[in-house]
>>> print(open('structure.tsv').read())   # TSV, C-alpha atoms
chain	number	residue	atom	x	y	z
A	1399	PRO	CA	0.00	0.00	0.00
A	1400	THR	CA	0.93	3.65	-0.34
A	1401	ALA	CA	1.93	5.61	2.75
A	1402	ALA	CA	-1.61	7.01	2.96
A	1403	GLY	CA	-3.07	3.53	2.66
A	1404	ALA	CA	-0.81	2.15	5.36
A	1405	ALA	CA	-1.88	4.96	7.69
A	1406	LEU	CA	-5.52	3.98	7.21
A	1407	VAL	CA	-5.06	0.26	7.88
A	1408	THR	CA	-5.61	0.41	11.66
A	1409	HIS	CA	-8.67	2.65	11.31
A	1410	ALA	CA	-10.13	0.45	8.59
A	1411	ARG	CA	-9.72	-2.66	10.74
A	1412	ALA	CA	-11.53	-0.96	13.61
A	1413	VAL	CA	-14.44	0.01	11.33
A	1414	LEU	CA	-14.72	-3.51	9.94
A	1415	ALA	CA	-14.63	-4.98	13.44
A	1416	GLY	CA	-17.50	-2.76	14.63
A	1417	PRO	CA	-20.49	-4.88	13.48
A	1418	GLU	CA	-18.90	-8.06	14.83
A	1419	ASP	CA	-18.26	-6.34	18.17
A	1420	ALA	CA	-21.92	-5.35	18.37
A	1421	LYS	CA	-23.13	-8.89	17.62
A	1422	ARG	CA	-20.81	-10.36	20.24
A	1423	ALA	CA	-21.94	-7.87	22.89
A	1424	VAL	CA	-25.64	-8.61	22.31
A	1425	ALA	CA	-25.05	-12.36	22.29
A	1426	GLU	CA	-23.09	-12.23	25.54
A	1427	ILE	CA	-25.69	-10.10	27.32
A	1428	GLU	CA	-28.52	-12.35	26.15
A	1429	GLY	CA	-26.60	-15.48	27.04
A	1430	LEU	CA	-26.73	-16.90	23.51
A	1431	HIS	CA	-23.10	-17.98	23.70
A	1432	ALA	CA	-20.07	-17.43	25.91
A	1433	GLY	CA	-18.32	-15.02	23.56
A	1434	GLU	CA	-14.63	-14.37	23.11
A	1435	VAL	CA	-11.91	-11.91	24.01
A	1436	ARG	CA	-9.24	-10.92	21.51
A	1437	VAL	CA	-5.96	-9.76	23.03
A	1438	GLY	CA	-2.70	-8.60	21.46
A	1439	ALA	CA	0.59	-8.22	23.32
A	1440	SER	CA	4.35	-8.52	23.07
A	1441	ALA	CA	6.07	-11.88	23.46
A	1442	THR	CA	7.08	-11.11	27.05
A	1443	ALA	CA	3.55	-10.07	28.03
A	1444	CYS	CA	2.01	-13.12	26.29
A	1445	THR	CA	4.43	-15.53	27.93
A	1446	TYR	CA	4.97	-14.14	31.42
A	1447	LEU	CA	2.69	-11.24	32.35
A	1448	LEU	CA	-0.75	-12.17	31.04
A	1449	PRO	CA	-1.12	-15.92	31.88
A	1450	PRO	CA	-1.93	-15.53	35.63
A	1451	THR	CA	-4.75	-13.07	34.91
A	1452	LEU	CA	-6.02	-15.06	31.92
A	1453	ALA	CA	-6.12	-18.19	34.08
A	1454	ALA	CA	-8.11	-16.34	36.76
A	1455	PHE	CA	-10.51	-15.11	34.09
A	1456	ARG	CA	-10.94	-18.63	32.70
A	1457	ALA	CA	-11.70	-19.96	36.18
A	1458	GLU	CA	-14.40	-17.29	36.52
A	1459	HIS	CA	-15.76	-17.68	32.96
A	1460	PRO	CA	-14.70	-21.13	31.67
A	1461	ARG	CA	-16.68	-20.90	28.42
A	1462	ILE	CA	-15.05	-17.72	27.18
A	1463	ARG	CA	-12.78	-18.29	24.17
A	1464	PHE	CA	-9.48	-16.40	23.89
A	1465	LEU	CA	-7.68	-15.19	20.83
A	1466	LEU	CA	-4.22	-14.22	22.12
A	1467	ARG	CA	-1.85	-12.87	19.50
A	1468	GLU	CA	1.76	-11.72	19.72
A	1469	ALA	CA	1.86	-8.26	18.18
A	1470	THR	CA	3.91	-5.08	17.95
A	1471	PRO	CA	2.64	-1.87	19.64
A	1472	ASP	CA	1.26	-0.66	16.29
A	1473	GLY	CA	-0.62	-3.89	15.64
A	1474	VAL	CA	-2.40	-4.65	18.92
A	1475	LEU	CA	-5.72	-2.98	18.11
A	1476	GLY	CA	-7.63	-3.04	14.84
A	1477	GLU	CA	-9.76	-6.17	15.14
A	1478	LEU	CA	-8.53	-6.92	18.69
A	1479	ASP	CA	-10.31	-5.93	21.93
A	1480	LEU	CA	-7.39	-5.26	24.27
A	1481	GLY	CA	-3.71	-4.67	23.81
A	1482	VAL	CA	-0.73	-4.70	26.16
A	1483	ILE	CA	2.06	-2.42	24.97
A	1484	SER	CA	5.26	-0.99	26.39
A	1485	THR	CA	4.93	2.51	24.95
A	1486	GLY	CA	3.66	5.69	26.56
A	1487	ARG	CA	-0.03	5.53	25.65
A	1488	GLY	CA	-2.88	3.64	27.31
A	1489	GLU	CA	-3.88	2.83	30.89
A	1490	PRO	CA	-0.91	2.15	33.20
A	1491	TRP	CA	-0.73	-1.55	34.10
A	1492	VAL	CA	2.52	-3.07	35.43
A	1493	VAL	CA	6.25	-2.27	35.39
A	1494	ASP	CA	8.72	-5.02	34.51
A	1495	SER	CA	12.29	-3.73	34.76
A	1496	LEU	CA	14.96	-4.85	32.32
A	1497	ILE	CA	18.15	-6.39	33.73
A	1498	LEU	CA	21.34	-7.90	32.31
A	1499	VAL	CA	21.66	-11.68	32.56
A	1500	ALA	CA	24.34	-14.21	31.65
A	1501	ALA	CA	25.22	-17.86	32.10
A	1502	PRO	CA	26.84	-18.52	35.51
A	1503	ASP	CA	30.09	-19.69	33.92
A	1504	LEU	CA	30.37	-16.98	31.25
A	1505	PRO	CA	33.84	-15.36	31.57
A	1506	GLN	CA	33.91	-11.56	31.83
A	1507	PRO	CA	30.22	-10.97	31.16
A	1508	GLU	CA	30.78	-7.22	31.26
A	1509	ARG	CA	32.71	-7.60	27.97
A	1510	ALA	CA	30.46	-10.19	26.34
A	1511	PRO	CA	28.40	-9.52	23.20
A	1512	PHE	CA	24.63	-9.24	23.35
A	1513	VAL	CA	21.92	-11.69	22.40
A	1514	THR	CA	18.86	-9.60	21.65
A	1515	PHE	CA	15.68	-9.10	19.66
A	1516	GLY	CA	15.39	-7.69	16.16
A	1517	LYS	CA	15.07	-3.99	15.45
A	1518	GLY	CA	11.62	-2.60	16.12
A	1519	SER	CA	11.13	-4.23	19.51
A	1520	THR	CA	11.02	-2.15	22.69
A	1521	SER	CA	13.78	-4.24	24.27
A	1522	ARG	CA	16.09	-3.60	21.31
A	1523	GLU	CA	15.30	0.12	21.38
A	1524	LEU	CA	16.16	0.31	25.09
A	1525	LEU	CA	19.34	-1.71	24.54
A	1526	GLU	CA	20.53	0.70	21.84
A	1527	ARG	CA	19.61	3.72	23.99
A	1528	HIS	CA	21.36	2.59	27.18
A	1529	PHE	CA	24.15	0.44	25.68
A	1530	PRO	CA	25.05	2.22	22.42
A	1531	GLU	CA	28.42	0.46	22.33
A	1532	ALA	CA	26.87	-3.02	22.52
A	1533	GLU	CA	28.18	-5.68	20.16
A	1534	ILE	CA	25.25	-7.72	18.82
A	1535	VAL	CA	26.08	-11.39	18.26
A	1536	MET	CA	22.51	-12.68	17.72
A	1537	GLU	CA	19.13	-11.22	16.76
A	1538	LEU	CA	16.25	-13.53	17.69
A	1539	GLY	CA	12.48	-13.43	17.56
A	1540	SER	CA	11.41	-14.90	20.90
A	1541	ILE	CA	12.27	-14.54	24.55
A	1542	ALA	CA	12.67	-18.33	24.80
A	1543	ALA	CA	15.33	-18.28	22.08
A	1544	VAL	CA	17.14	-15.37	23.73
A	1545	LYS	CA	17.22	-17.13	27.11
A	1546	GLY	CA	18.30	-20.43	25.60
A	1547	ASN	CA	21.30	-18.95	23.85
A	1548	VAL	CA	22.30	-16.90	26.89
A	1549	ARG	CA	22.14	-20.04	29.07
A	1550	ALA	CA	24.42	-21.72	26.51
A	1551	GLY	CA	27.05	-19.01	27.05
A	1552	ILE	CA	26.69	-17.15	23.73
A	1553	GLY	CA	26.51	-13.75	25.39
A	1554	VAL	CA	24.51	-11.55	27.73
A	1555	ALA	CA	20.97	-10.22	27.29
A	1556	LEU	CA	18.89	-7.29	28.45
A	1557	VAL	CA	15.53	-8.83	29.37
A	1558	GLY	CA	12.58	-8.29	31.69
A	1559	ARG	CA	13.08	-9.58	35.22
A	1560	THR	CA	9.75	-11.43	35.09
A	1561	ALA	CA	10.99	-13.49	32.13
A	1562	VAL	CA	14.06	-14.77	33.98
A	1563	GLU	CA	13.04	-14.93	37.63
A	1564	HIS	CA	12.77	-18.74	37.61
A	1565	ASP	CA	16.13	-19.09	35.80
A	1566	LEU	CA	17.75	-16.81	38.37
A	1567	ALA	CA	16.24	-18.73	41.28
A	1568	ALA	CA	17.40	-22.07	39.80
A	1569	GLY	CA	20.92	-20.81	39.08
A	1570	ARG	CA	20.61	-21.25	35.30
A	1571	LEU	CA	21.27	-17.53	34.84
A	1572	ILE	CA	22.86	-14.81	36.93
A	1573	GLU	CA	22.16	-11.10	37.04
A	1574	VAL	CA	25.06	-8.99	35.76
A	1575	ARG	CA	25.35	-5.80	37.79
A	1576	ASP	CA	25.66	-2.61	35.77
A	1577	ARG	CA	25.20	1.05	36.69
A	1578	ARG	CA	22.64	1.42	33.86
A	1579	THR	CA	20.31	-1.29	35.08
A	1580	PRO	CA	17.62	-2.00	36.09
A	1581	ILE	CA	15.74	-0.07	33.38
A	1582	PRO	CA	12.02	0.39	34.20
A	1583	ARG	CA	9.72	-0.73	31.37
A	1584	ALA	CA	6.03	0.10	31.83
A	1585	PHE	CA	3.29	-1.97	30.20
A	1586	ASN	CA	-0.01	-0.24	29.42
A	1587	LEU	CA	-3.47	-1.44	28.41
A	1588	VAL	CA	-4.92	-0.05	25.19
A	1589	HIS	CA	-8.38	-0.45	23.68
A	1590	ARG	CA	-10.87	1.47	21.54
A	1591	GLY	CA	-12.68	2.89	24.60
A	1592	VAL	CA	-14.25	1.39	27.72
A	1593	GLU	CA	-17.75	2.03	26.40
A	1594	ARG	CA	-16.97	0.05	23.24
A	1595	LEU	CA	-15.71	-3.09	24.98
A	1596	ALA	CA	-17.91	-6.19	24.84
A	1597	PRO	CA	-18.86	-7.52	28.31
A	1598	ALA	CA	-16.23	-10.27	28.35
A	1599	ALA	CA	-13.45	-7.90	27.29
A	1600	ALA	CA	-14.61	-5.34	29.85
A	1601	ARG	CA	-14.40	-7.95	32.62
A	1602	LEU	CA	-10.89	-8.98	31.56
A	1603	ARG	CA	-9.84	-5.33	31.65
A	1604	GLU	CA	-11.18	-5.08	35.21
A	1605	LEU	CA	-9.16	-8.12	36.29
A	1606	LEU	CA	-6.01	-6.76	34.67
A	1607	LEU	CA	-6.41	-3.40	36.40
A	1608	ALA	CA	-7.07	-5.18	39.70
A	1609	ARG	CA	-3.70	-6.88	39.29
A	1610	ARG	CA	-2.14	-3.43	38.87
A	1611	ALA	CA	-3.68	-2.39	42.17
A	1612	GLU	CA	-2.21	-5.47	43.88
A	1613	ALA	CA	1.29	-5.05	42.42
>>> encode(input="structure.tsv", output="structure tokens")
Amino acid sequence: PTAAGAALVTHARAVLAGPEDAKRAVAEIEGLHAGEVRVGASATACTYLLPPTLAAFRAEHPRIRFLLREATPDGVLGELDLGVISTGRGEPWVVDSLILVAAPDLPQPERAPFVTFGKGSTSRELLERHFPEAEIVMELGSIAAVKGNVRAGIGVALVGRTAVEHDLAAGRLIEVRDRRTPIPRAFNLVHRGVERLAPAAARLRELLLARRAEA
């Protein structure tokens, strides 16, 4: 598409999703079916931040169907109900600070190259901002791949603490102390407006915000 067309994609998706949103809301209120919730988030949020709340929601509403999609900040809305993004817009949710990690036996981790995500991710942007001199040895697409290669001794990584807390506790990774870390990374909830959320999506938003209050 042209630049103008690309700029209209998100708005067009929202318009096309409107009639389906209305049908789902009526069906849920009338009890015709359980409905669904469509959520978009980064890999870290999908893997580590969202599951506890989604599990609590499923226990409360076991017939609700989820569509959970890994997405970039620019792609979380459109036809989706809720998004979790790590940029400045949206409703504040949780903060997951980024730390440096390495394999326990990695020699001189302060001089090691970085295993990181591809350009365009928030983690990569923060790495380049705070560690402009970093040597990149690997660019990967998932947090699991990043952790696996760091555990193997390929290099160090700048990752969210939530993603590595079990590895740290088990001794599979160690935190590398650095004056520039930890780096706070806030995750926010985005949607097309509270009044436009279907009942199931509105309830999930409430549970997510309740988690913020407990954090």
>>> residues_around(input="structure.tsv", residues="region 1459-1467 of chain A", least_positions_apart="4", cutoff="9 Å", atoms="all atoms listed in the file", output="VMD selection string")
chain A and resid 1431 to 1441 1444 1452 1454 to 1455 1474 1478 1598
>>> residues_around(input="structure.tsv", residues="Phe1515 (chain A)", least_positions_apart="6", cutoff="10 Å", atoms="all atoms listed in the file", output="JSON, numbers by chain")
{"A": [1521, 1522, 1523, 1525, 1534, 1536, 1537, 1538, 1539, 1540, 1541, 1543, 1544, 1555, 1556, 1557]}
>>> closest_residue(input="structure.tsv", among="A:Glu1458, A:Ser1495, A:Asp1479, A:Arg1594", to="Thr1442 (chain A)", atoms="only C-alpha atoms")
A:Ser1495
>>> atom_distance(input="structure.tsv", atom1="CA of Leu1498 (chain A)", atom2="CA of Glu1526 (chain A)")
13.6 Å
>>> atom_distance(input="structure.tsv", atom1="CA of Arg1590 (chain A)", atom2="CA of Ser1519 (chain A)")
22.8 Å
>>> closest_residue(input="structure.tsv", among="A:Ala1599, A:Leu1480, A:Ala1532, A:Leu1496", to="Pro1511 (chain A)", atoms="all atoms listed in the file")
A:Ala1532
>>> atom_distance(input="structure.tsv", atom1="CA of Pro1582 (chain A)", atom2="CA of Glu1468 (chain A)")
21.5 Å
>>> closest_residue(input="structure.tsv", among="A:Leu1524, A:Ile1581, A:Ala1608, A:Ala1542", to="Val1562 (chain A)", atoms="all atoms listed in the file")
A:Ala1542
>>> residues_around(input="structure.tsv", residues="Val1588 (chain A)", least_positions_apart="3", cutoff="7 Å", atoms="all atoms listed in the file", output="number ranges by chain")
A: 1480-1482, 1488-1489
>>> write_last_selection(input="structure.tsv", atoms="C-alpha atoms", output="PDB file, keeping the file's coordinate frame")
ATOM      1  CA  LEU A1480      -7.390  -5.260  24.270  1.00  0.00           C
ATOM      2  CA  GLY A1481      -3.710  -4.670  23.810  1.00  0.00           C
ATOM      3  CA  VAL A1482      -0.730  -4.700  26.160  1.00  0.00           C
ATOM      4  CA  GLY A1488      -2.880   3.640  27.310  1.00  0.00           C
ATOM      5  CA  GLU A1489      -3.880   2.830  30.890  1.00  0.00           C
TER       6      GLU A1489
END
>>> residues_around(input="structure.tsv", residues="Val1493 (chain A)", least_positions_apart="2", cutoff="9 Å", atoms="all atoms listed in the file", output="list of chain:residue names")
A:Pro1490, A:Trp1491, A:Ser1495, A:Pro1582, A:Arg1583, A:Ala1584, A:Phe1585, A:Asn1586
>>> write_last_selection(input="structure.tsv", atoms="C-alpha atoms", output="compact mmCIF listing (two decimals), in the coordinates of the input")
# COMPACT_ATOMS: atom_id res chain seq x y z
CA PRO A 1490 -0.91 2.15 33.20
CA TRP A 1491 -0.73 -1.55 34.10
CA SER A 1495 12.29 -3.73 34.76
CA PRO A 1582 12.02 0.39 34.20
CA ARG A 1583 9.72 -0.73 31.37
CA ALA A 1584 6.03 0.10 31.83
CA PHE A 1585 3.29 -1.97 30.20
CA ASN A 1586 -0.01 -0.24 29.42
>>> closest_residue(input="structure.tsv", among="A:Leu1602, A:Ala1561, A:Val1554, A:Ala1443", to="Glu1533 (chain A)", atoms="all atoms listed in the file")
A:Val1554
